[in-house]
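**Q** Input structure.txt, format and content: compact mmCIF, C-alpha atoms.
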# COMPACT_ATOMS: atom_id res chain seq x y z
CA MET H 139 22.46 144.26 -71.18
CA VAL H 140 21.21 144.75 -74.73
CA ALA H 141 18.09 142.70 -73.97
CA ILE H 142 17.39 144.75 -70.84
CA ALA H 143 17.80 147.97 -72.84
CA ILE H 144 15.33 146.70 -75.46
CA ALA H 145 12.84 145.79 -72.73
CA LEU H 146 13.22 149.22 -71.10
CA VAL H 147 12.66 150.96 -74.45
CA PHE H 148 9.53 148.88 -75.03
CA LEU H 149 8.29 149.65 -71.51
CA ALA H 150 8.91 153.37 -71.94
CA THR H 151 7.11 153.38 -75.30
CA PHE H 152 4.17 151.47 -73.84
CA THR H 153 3.94 153.87 -70.88
CA ALA H 154 4.12 156.94 -73.11
CA ALA H 155 1.38 155.57 -75.38
CA ALA H 156 -0.83 154.77 -72.38
CA ILE H 157 -0.36 158.29 -70.97
CA ALA H 158 -1.16 159.82 -74.37
CA VAL H 159 -4.34 157.75 -74.70
CA ALA H 160 -5.41 158.70 -71.14
CA ILE H 161 -4.88 162.40 -71.82
CA ALA H 162 -6.79 162.17 -75.11
CA SER H 163 -9.65 160.38 -73.35
CA MET H 164 -9.84 163.08 -70.67
CA VAL H 165 -9.88 165.85 -73.29
CA MET H 166 -12.58 164.11 -75.33
CA GLY H 167 -14.60 163.46 -72.16
CA ARG H 168 -14.59 167.15 -71.30
CA ARG H 169 -15.69 168.10 -74.80
CA GLN H 170 -18.43 165.46 -75.02
CA PRO H 171 -21.25 167.32 -73.16
CA ALA H 172 -20.88 170.37 -75.39
CA SER H 173 -20.84 168.26 -78.55
CA ALA H 174 -23.90 166.34 -77.36
CA THR H 175 -25.77 169.62 -76.84
CA ASP H 176 -24.74 170.79 -80.31
CA GLY H 177 -26.00 167.54 -81.76
CA LEU H 178 -29.42 168.01 -80.17
CA ALA H 179 -29.60 171.55 -81.49
CA GLY H 180 -28.38 170.69 -84.97
CA GLY H 181 -30.53 167.62 -85.61
CA LEU H 182 -30.02 163.91 -86.03
CA ASP H 183 -27.37 164.17 -88.76
CA ASP H 184 -24.70 165.19 -86.25
CA ASP H 185 -25.28 162.19 -83.95
CA PRO H 186 -22.85 159.26 -83.98
CA ALA H 187 -23.80 155.93 -85.46
CA PRO H 188 -26.43 153.94 -83.54
CA LEU H 189 -25.14 151.38 -81.08
CA LEU H 190 -26.48 148.39 -83.04
CA ILE H 191 -24.57 149.28 -86.23
CA ARG H 192 -21.54 150.93 -84.67
CA GLU H 193 -18.31 149.06 -85.35
CA GLU H 194 -16.41 148.23 -82.18
CA SER H 195 -12.85 149.51 -82.17
CA LEU H 196 -10.22 146.99 -81.13
CA SER H 197 -7.75 149.71 -80.13
CA THR H 198 -7.58 153.49 -79.96
CA ILE H 199 -4.35 153.32 -81.99
CA SER H 200 -5.39 153.05 -85.64
CA LEU H 201 -2.31 151.13 -86.80
CA TRP H 202 -2.65 148.59 -83.98
CA HIS H 203 -6.40 148.31 -84.72
CA GLU H 204 -5.73 147.46 -88.39
CA PHE H 205 -3.17 144.84 -87.37
CA LEU H 206 -5.47 143.21 -84.82
CA LYS H 207 -8.28 142.95 -87.39
CA ARG H 208 -6.11 140.56 -89.42
CA VAL H 209 -5.24 138.16 -86.58
CA ASP H 210 -7.55 135.17 -86.11
CA PHE H 211 -6.72 134.81 -82.40
CA ILE H 212 -8.25 138.22 -81.73
CA GLU H 213 -11.79 136.91 -82.30
CA ILE H 214 -11.19 134.14 -79.77
CA LEU H 215 -9.76 136.64 -77.27
CA LYS H 216 -12.68 139.01 -77.87
CA THR H 217 -15.15 136.19 -77.20
CA ARG H 218 -13.36 135.12 -74.02
CA ILE H 219 -13.32 138.69 -72.67
CA ALA H 220 -17.04 139.04 -73.34
CA GLU H 221 -17.76 135.68 -71.69
CA ALA H 222 -15.71 136.73 -68.66
CA GLY H 223 -17.81 139.87 -68.27
CA LEU H 224 -14.77 142.15 -68.39
CA ARG H 225 -14.63 145.61 -69.97
CA TRP H 226 -11.10 145.21 -71.25
CA SER H 227 -10.25 146.43 -74.73
CA ILE H 228 -8.49 144.13 -77.16
CA GLY H 229 -5.72 146.64 -77.80
CA ARG H 230 -4.75 147.07 -74.14
CA THR H 231 -4.98 143.34 -73.43
CA THR H 232 -2.72 142.40 -76.34
CA ALA H 233 -0.32 145.23 -75.45
CA ALA H 234 -0.08 143.92 -71.87
CA MET H 235 0.58 140.41 -73.21
CA LEU H 236 3.30 141.74 -75.52
CA LEU H 237 4.86 143.69 -72.65
CA GLY H 238 4.96 140.59 -70.43
CA GLY H 239 6.39 138.51 -73.27
CA ALA H 240 9.09 141.10 -73.99
CA LEU H 241 10.12 141.24 -70.33
CA GLY H 242 10.25 137.43 -70.16
CA ALA H 243 12.38 137.25 -73.31
CA ALA H 244 14.68 139.96 -71.94
CA VAL H 245 15.27 137.93 -68.79
CA GLY H 246 15.96 134.83 -70.88
CA PHE H 247 18.54 136.65 -73.03
CA ASP H 248 20.23 138.32 -70.06
CA VAL H 249 20.75 135.23 -67.88
CA SER H 250 23.76 133.43 -69.32
CA TRP H 251 23.23 130.00 -67.74
CA MET H 252 19.81 129.48 -69.36
CA PRO H 253 19.57 127.30 -72.52
CA PRO H 254 18.96 128.91 -75.93
CA VAL H 255 15.26 128.01 -75.89
CA ALA H 256 14.73 129.84 -72.58
CA PRO H 257 13.85 133.26 -74.09
CA VAL H 258 11.02 131.72 -76.12
CA VAL H 259 9.68 129.81 -73.12
CA LEU H 260 9.91 132.83 -70.81
CA ALA H 261 8.27 135.04 -73.44
CA VAL H 262 5.30 132.67 -73.59
CA VAL H 263 5.16 132.47 -69.78
CA GLY H 264 5.28 136.27 -69.50
CA ALA H 265 2.51 136.76 -72.07
CA LEU H 266 0.10 134.21 -70.57
CA PRO H 267 -1.01 135.84 -67.24
CA PRO H 268 -3.58 138.27 -68.76
CA TYR H 269 -5.15 135.49 -70.82
CA LEU H 270 -5.14 133.08 -67.88
CA PHE H 271 -6.82 135.73 -65.73
CA ILE H 272 -9.52 136.14 -68.38
CA LEU H 273 -10.10 132.36 -68.45
CA SER H 274 -10.28 132.29 -64.65
CA ARG H 275 -12.87 135.08 -64.55
CA ARG H 276 -14.81 133.37 -67.34
CA LYS H 277 -14.90 130.08 -65.42
CA ALA H 278 -15.98 131.81 -62.18
CA ARG H 279 -18.73 133.71 -64.04
CA PHE H 280 -20.08 130.52 -65.60
CA ARG H 281 -20.12 128.81 -62.20
CA LYS H 282 -22.09 131.68 -60.72
CA PHE H 283 -24.48 131.54 -63.66
CA GLU H 284 -25.00 127.79 -63.15
CA ALA H 285 -25.68 128.33 -59.44
CA GLN H 286 -28.35 130.97 -60.17
CA PHE H 287 -30.01 129.18 -63.07
CA PRO H 288 -32.16 126.52 -61.25
CA ASP H 289 -33.80 129.12 -59.00
CA ALA H 290 -34.43 131.31 -62.05
CA LEU H 291 -36.15 128.41 -63.82
CA ASP H 292 -38.38 127.84 -60.79
CA SER H 293 -39.28 131.54 -60.71
CA LEU H 294 -40.08 131.51 -64.42
CA ALA H 295 -42.25 128.39 -64.02
CA ARG H 296 -44.17 129.96 -61.10
CA ALA H 297 -44.69 133.17 -63.08
CA MET H 298 -46.09 131.24 -66.04
CA ARG H 299 -48.31 129.16 -63.77
CA ALA H 300 -49.66 132.40 -62.29
CA GLY H 301 -50.76 133.56 -65.74
CA HIS H 302 -47.80 135.56 -67.03
CA PRO H 303 -46.70 134.94 -70.63
CA PHE H 304 -43.19 133.75 -71.36
CA ALA H 305 -42.03 137.26 -72.25
CA GLY H 306 -43.44 138.64 -68.99
CA GLY H 307 -41.68 135.94 -66.99
CA MET H 308 -38.38 136.74 -68.69
CA GLU H 309 -38.87 140.42 -67.89
CA LEU H 310 -39.40 139.53 -64.22
CA LEU H 311 -36.20 137.48 -64.19
CA ALA H 312 -34.27 140.30 -65.84
CA SER H 313 -35.41 142.77 -63.18
CA GLU H 314 -35.08 140.50 -60.13
CA CYS H 315 -32.07 138.24 -60.78
CA PRO H 316 -28.62 139.54 -59.85
CA ALA H 317 -25.66 139.55 -62.23
CA PRO H 318 -24.55 137.74 -64.29
CA LEU H 319 -27.85 135.96 -64.95
CA GLY H 320 -29.99 139.09 -64.82
CA LEU H 321 -27.74 140.98 -67.24
CA GLU H 322 -27.77 138.21 -69.84
CA ILE H 323 -31.54 137.76 -69.64
CA ARG H 324 -31.92 141.53 -69.96
CA ARG H 325 -29.91 141.42 -73.18
CA ALA H 326 -32.14 138.62 -74.49
CA CYS H 327 -35.26 140.66 -73.64
CA ASP H 328 -33.82 143.72 -75.36
CA GLU H 329 -33.10 141.68 -78.49
CA TRP H 330 -36.70 140.41 -78.45
CA ARG H 331 -38.02 143.96 -78.17
CA LEU H 332 -35.89 145.01 -81.11
CA GLY H 333 -37.57 142.47 -83.40
CA LEU H 334 -35.86 139.12 -82.92
CA SER H 335 -37.94 136.05 -82.15
CA TRP H 336 -37.50 134.35 -78.80
CA ASN H 337 -35.81 131.41 -80.56
CA GLN H 338 -33.16 133.70 -82.01
CA ALA H 339 -32.75 135.66 -78.76
CA LEU H 340 -32.30 132.46 -76.75
CA ASP H 341 -29.87 131.09 -79.34
CA ASN H 342 -27.80 134.25 -78.93
CA LEU H 343 -27.99 133.86 -75.16
CA ALA H 344 -26.76 130.28 -75.37
CA ARG H 345 -23.94 131.46 -77.64
CA ARG H 346 -22.86 134.15 -75.19
CA VAL H 347 -23.00 131.73 -72.21
CA PRO H 348 -22.02 128.32 -73.62
CA ILE H 349 -23.07 126.04 -70.75
CA LEU H 350 -25.08 122.83 -71.01
CA GLU H 351 -27.91 123.95 -68.71
CA LEU H 352 -28.68 127.00 -70.84
CA ARG H 353 -28.63 124.95 -74.04
CA LEU H 354 -31.15 122.55 -72.50
CA PHE H 355 -33.38 125.48 -71.54
CA THR H 356 -33.16 126.90 -75.07
CA ALA H 357 -33.99 123.53 -76.61
CA ALA H 358 -36.99 123.09 -74.28
CA VAL H 359 -38.42 126.52 -75.16
CA ILE H 360 -37.93 125.99 -78.90
CA LEU H 361 -39.52 122.53 -78.72
CA GLN H 362 -42.49 123.92 -76.79
CA THR H 363 -43.09 126.64 -79.37
CA ARG H 364 -43.20 124.01 -82.11
CA SER H 365 -45.15 121.18 -80.47
CA GLY H 366 -46.97 122.91 -77.60
CA GLY H 367 -47.34 121.63 -74.05
CA ARG H 368 -47.02 122.94 -70.51
CA LEU H 369 -43.73 124.77 -70.44
CA SER H 370 -43.95 125.41 -66.69
CA GLU H 371 -43.80 121.69 -65.91
CA VAL H 372 -40.85 121.24 -68.29
CA LEU H 373 -38.97 124.08 -66.58
CA GLU H 374 -39.61 122.60 -63.12
CA LYS H 375 -38.28 119.20 -64.23
CA LEU H 376 -35.29 120.88 -65.85
CA ALA H 377 -34.51 122.83 -62.65
CA GLU H 378 -34.68 119.61 -60.63
CA THR H 379 -32.38 117.84 -63.10
CA ILE H 380 -29.86 120.69 -62.96
CA ARG H 381 -29.83 120.57 -59.15
CA ASP H 382 -29.26 116.80 -59.20
CA SER H 383 -26.42 117.28 -61.68
CA ALA H 384 -24.84 119.97 -59.49
CA SER H 385 -25.10 117.69 -56.46
CA LEU H 386 -23.43 114.86 -58.39
CA ARG H 387 -20.70 117.24 -59.56
CA GLY H 388 -20.06 118.27 -55.96
CA ASP H 389 -19.73 114.63 -54.87
CA VAL H 390 -17.27 113.93 -57.68
CA ASN H 391 -15.21 117.01 -56.81
CA ALA H 392 -15.10 115.93 -53.16
CA ILE H 393 -13.91 112.45 -54.13
CA SER H 394 -11.24 113.76 -56.53
CA ALA H 395 -10.01 116.48 -54.13
CA ASN H 396 -7.36 114.10 -52.79
CA GLY H 397 -5.95 113.63 -56.29
CA ARG H 398 -5.87 117.36 -56.98
CA MET H 399 -4.14 118.04 -53.68
CA THR H 400 -1.60 115.30 -54.45
CA GLY H 401 -0.85 116.87 -57.82
CA THR H 402 -0.37 120.30 -56.26
CA VAL H 403 1.97 118.94 -53.58
CA LEU H 404 4.01 116.98 -56.12
CA THR H 405 4.37 120.12 -58.23
CA ILE H 406 5.42 122.40 -55.37
CA LEU H 407 7.66 119.87 -53.59
CA PRO H 408 10.64 119.90 -56.04
CA ILE H 409 10.61 123.71 -56.14
CA GLY H 410 10.57 123.87 -52.34
CA ILE H 411 13.40 121.34 -52.01
CA ALA H 412 15.52 123.23 -54.59
CA SER H 413 14.93 126.51 -52.73
CA ILE H 414 15.95 124.96 -49.41
CA MET H 415 19.10 123.50 -50.98
CA PHE H 416 20.02 126.90 -52.42
CA VAL H 417 19.97 128.25 -48.86
CA THR H 418 21.52 125.33 -46.97
CA SER H 419 23.95 123.87 -49.56
CA PRO H 420 24.58 126.43 -52.31
CA GLU H 421 27.85 124.74 -53.38
CA TYR H 422 26.03 121.46 -54.04
CA ILE H 423 23.10 122.86 -56.03
CA SER H 424 25.23 125.41 -57.91
CA THR H 425 26.69 122.53 -59.91
CA LEU H 426 23.65 122.74 -62.13
CA LEU H 427 24.47 126.37 -62.88
CA VAL H 428 28.23 125.95 -63.45
CA TYR H 429 28.39 122.99 -65.86
CA PRO H 430 27.02 123.41 -69.42
CA GLN H 431 24.74 120.38 -69.13
CA GLY H 432 23.17 121.69 -65.94
CA LYS H 433 21.01 124.31 -67.64
CA TYR H 434 19.56 121.65 -69.95
CA LEU H 435 18.79 119.46 -66.95
CA LEU H 436 17.04 122.38 -65.24
CA MET H 437 14.98 123.18 -68.32
CA GLY H 438 14.10 119.52 -68.84
CA SER H 439 13.05 119.11 -65.22
CA ALA H 440 10.90 122.26 -65.41
CA VAL H 441 9.17 120.97 -68.55
CA CYS H 442 8.57 117.55 -66.97
CA LEU H 443 7.27 119.18 -63.79
CA VAL H 444 4.74 121.30 -65.69
CA ALA H 445 3.74 118.37 -67.92
CA GLY H 446 3.27 116.11 -64.89
CA HIS H 447 1.09 118.70 -63.18
CA PHE H 448 -1.25 118.96 -66.16
CA VAL H 449 -1.34 115.18 -66.61
CA ILE H 450 -2.41 114.72 -62.98
CA ARG H 451 -5.04 117.45 -63.36
CA LYS H 452 -6.32 115.75 -66.49
CA ILE H 453 -6.58 112.39 -64.72
CA VAL H 454 -8.51 113.71 -61.72
CA ASN H 455 -10.72 116.02 -63.80
CA ILE H 456 -13.79 113.79 -64.10
CA LYS H 457 -16.47 115.03 -66.47
CA THR H 458 -19.99 114.88 -65.04
Hey, can you dump this file as structure tokens for me?

**A**
Amino acid sequence: MVAIAIALVFLATFTAAAIAVAIASMVMGRRQPASATDGLAGGLDDDPAPLLIREESLSTISLWHEFLKRVDFIEILKTRIAEAGLRWSIGRTTAAMLLGGALGAAVGFDVSWMPPVAPVVLAVVGALPPYLFILSRRKARFRKFEAQFPDALDSLARAMRAGHPFAGGMELLASECPAPLGLEIRRACDEWRLGLSWNQALDNLARRVPILELRLFTAAVILQTRSGGRLSEVLEKLAETIRDSASLRGDVNAISANGRMTGTVLTILPIGIASIMFVTSPEYISTLLVYPQGKYLLMGSAVCLVAGHFVIRKIVNIKT
């Protein structure tokens, strides 16, 4: 009961803080048009800092912002959120992870038949869903980018063959390609307009979207600027190579689909059998909950089940 009370206090505090931040945002949003008008009337000194030199706030809570600045994992999380194309703030994401971890630990402390290590395991499990969702969105965004990239290379090669310079071709891609490819190329074009060279802008693009195809494109453009040559022909060959690689990757995924399905079935099967036995023979399966050694057997079987699932996924995950 103490653990549940702690979790409820944490939940109430988190909800109150979220409501306070929402109210403050609404009040500031209503005052913003008037302040913007005053800034135009009073001159440039009243304007906020320019976007390029403005420091991004990790959280609207100053104490939580100062704490997050000192954690190394925050930079990794910030990069993953940007790569996923989400508009989540670091403060709210970490607060949601802490809330899930606290609820998981509360369940582990409250259930008497769980082993002593259960609160730690459940806290980790409760904190992971936001981060796993970010990784899932990041992976889906990269796949969409890879699917759009060969056609974009062909369009860029045709534009250059028609007489457009490289910058003009990139502008056409930025205006015609859908997200996420069009947005990233637009950012690269904006960086070029602000004074960066195309080599630096493309390096930043490859850093924001770390996929092999984009690194090959960046290397080809940099090599062409140094040694010369017909970039349009290089881009056409690169687009053809990327399509062949995607076709090979699809064949490999089709061949390994049986192994992935087998791993999924083997992971779900023990859970399904245990659930059926809880319904049909509760006296038989409740032995694991009554005897002291039963909780350790349950925890060990859960760890082995998760480890086996990831081992099977690792075996059938063939790099192409």

**Q** So that I can see what lies close to Pro348 of chain H, please list as number ranges by chain the residues with an atom at most 12 Å from it, counting only C-alpha atoms and leaving out residues fewer than 4 positions away in the same chain.

**A** H: 217-218, 220-222, 276-277, 279-281, 283-284, 340-344, 352-356

**Q** Provide the atom CA of Ala290 of chain H to atom CA of Asn455 of chain H distance in Å, to one decimal place.

**A**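 Calculated distance between atom CA of Ala290 of chain H and atom CA of Asn455 of chain H is 28.3 Å.
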
**Q** What is the atom CA of Arg331 of chain H-atom CA of Thr363 of chain H distance in Å, reported with one decimal?

**A**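 Atom CA of Thr363 of chain H lies at a distance of 18.1 Å from atom CA of Arg331 of chain H.
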
**Q** Using only C-alpha atoms, which of H:Gly229, H:Gly223, H:Gly366, H:Gly438 sits nearest Ala278 of chain H?

**A**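 Distance minimum relative to Ala278 of chain H lands on H:Gly223.
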
**Q** Could you check how far atom CA of Ala261 of chain H sits from atom CA of Thr425 of chain H, in Å to one decimal?

**A**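 The value is 26.1 Å.
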
**Q** Using only C-alpha atoms, determine which residues lie at most 10 Å from Gly239 of chain H, disregarding the query and same-chain residues fewer than 5 positions distant; provide the list as a list of chain:residue names.

**A**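 Listing them by chain and then by number gives H:Ala145, H:Ala233, H:Ala234, H:Ala244, H:Val245, H:Pro257, H:Val258, H:Val259, H:Leu260, H:Ala261, H:Val262, H:Val263, H:Gly264, H:Ala265, H:Leu266, H:Pro267.
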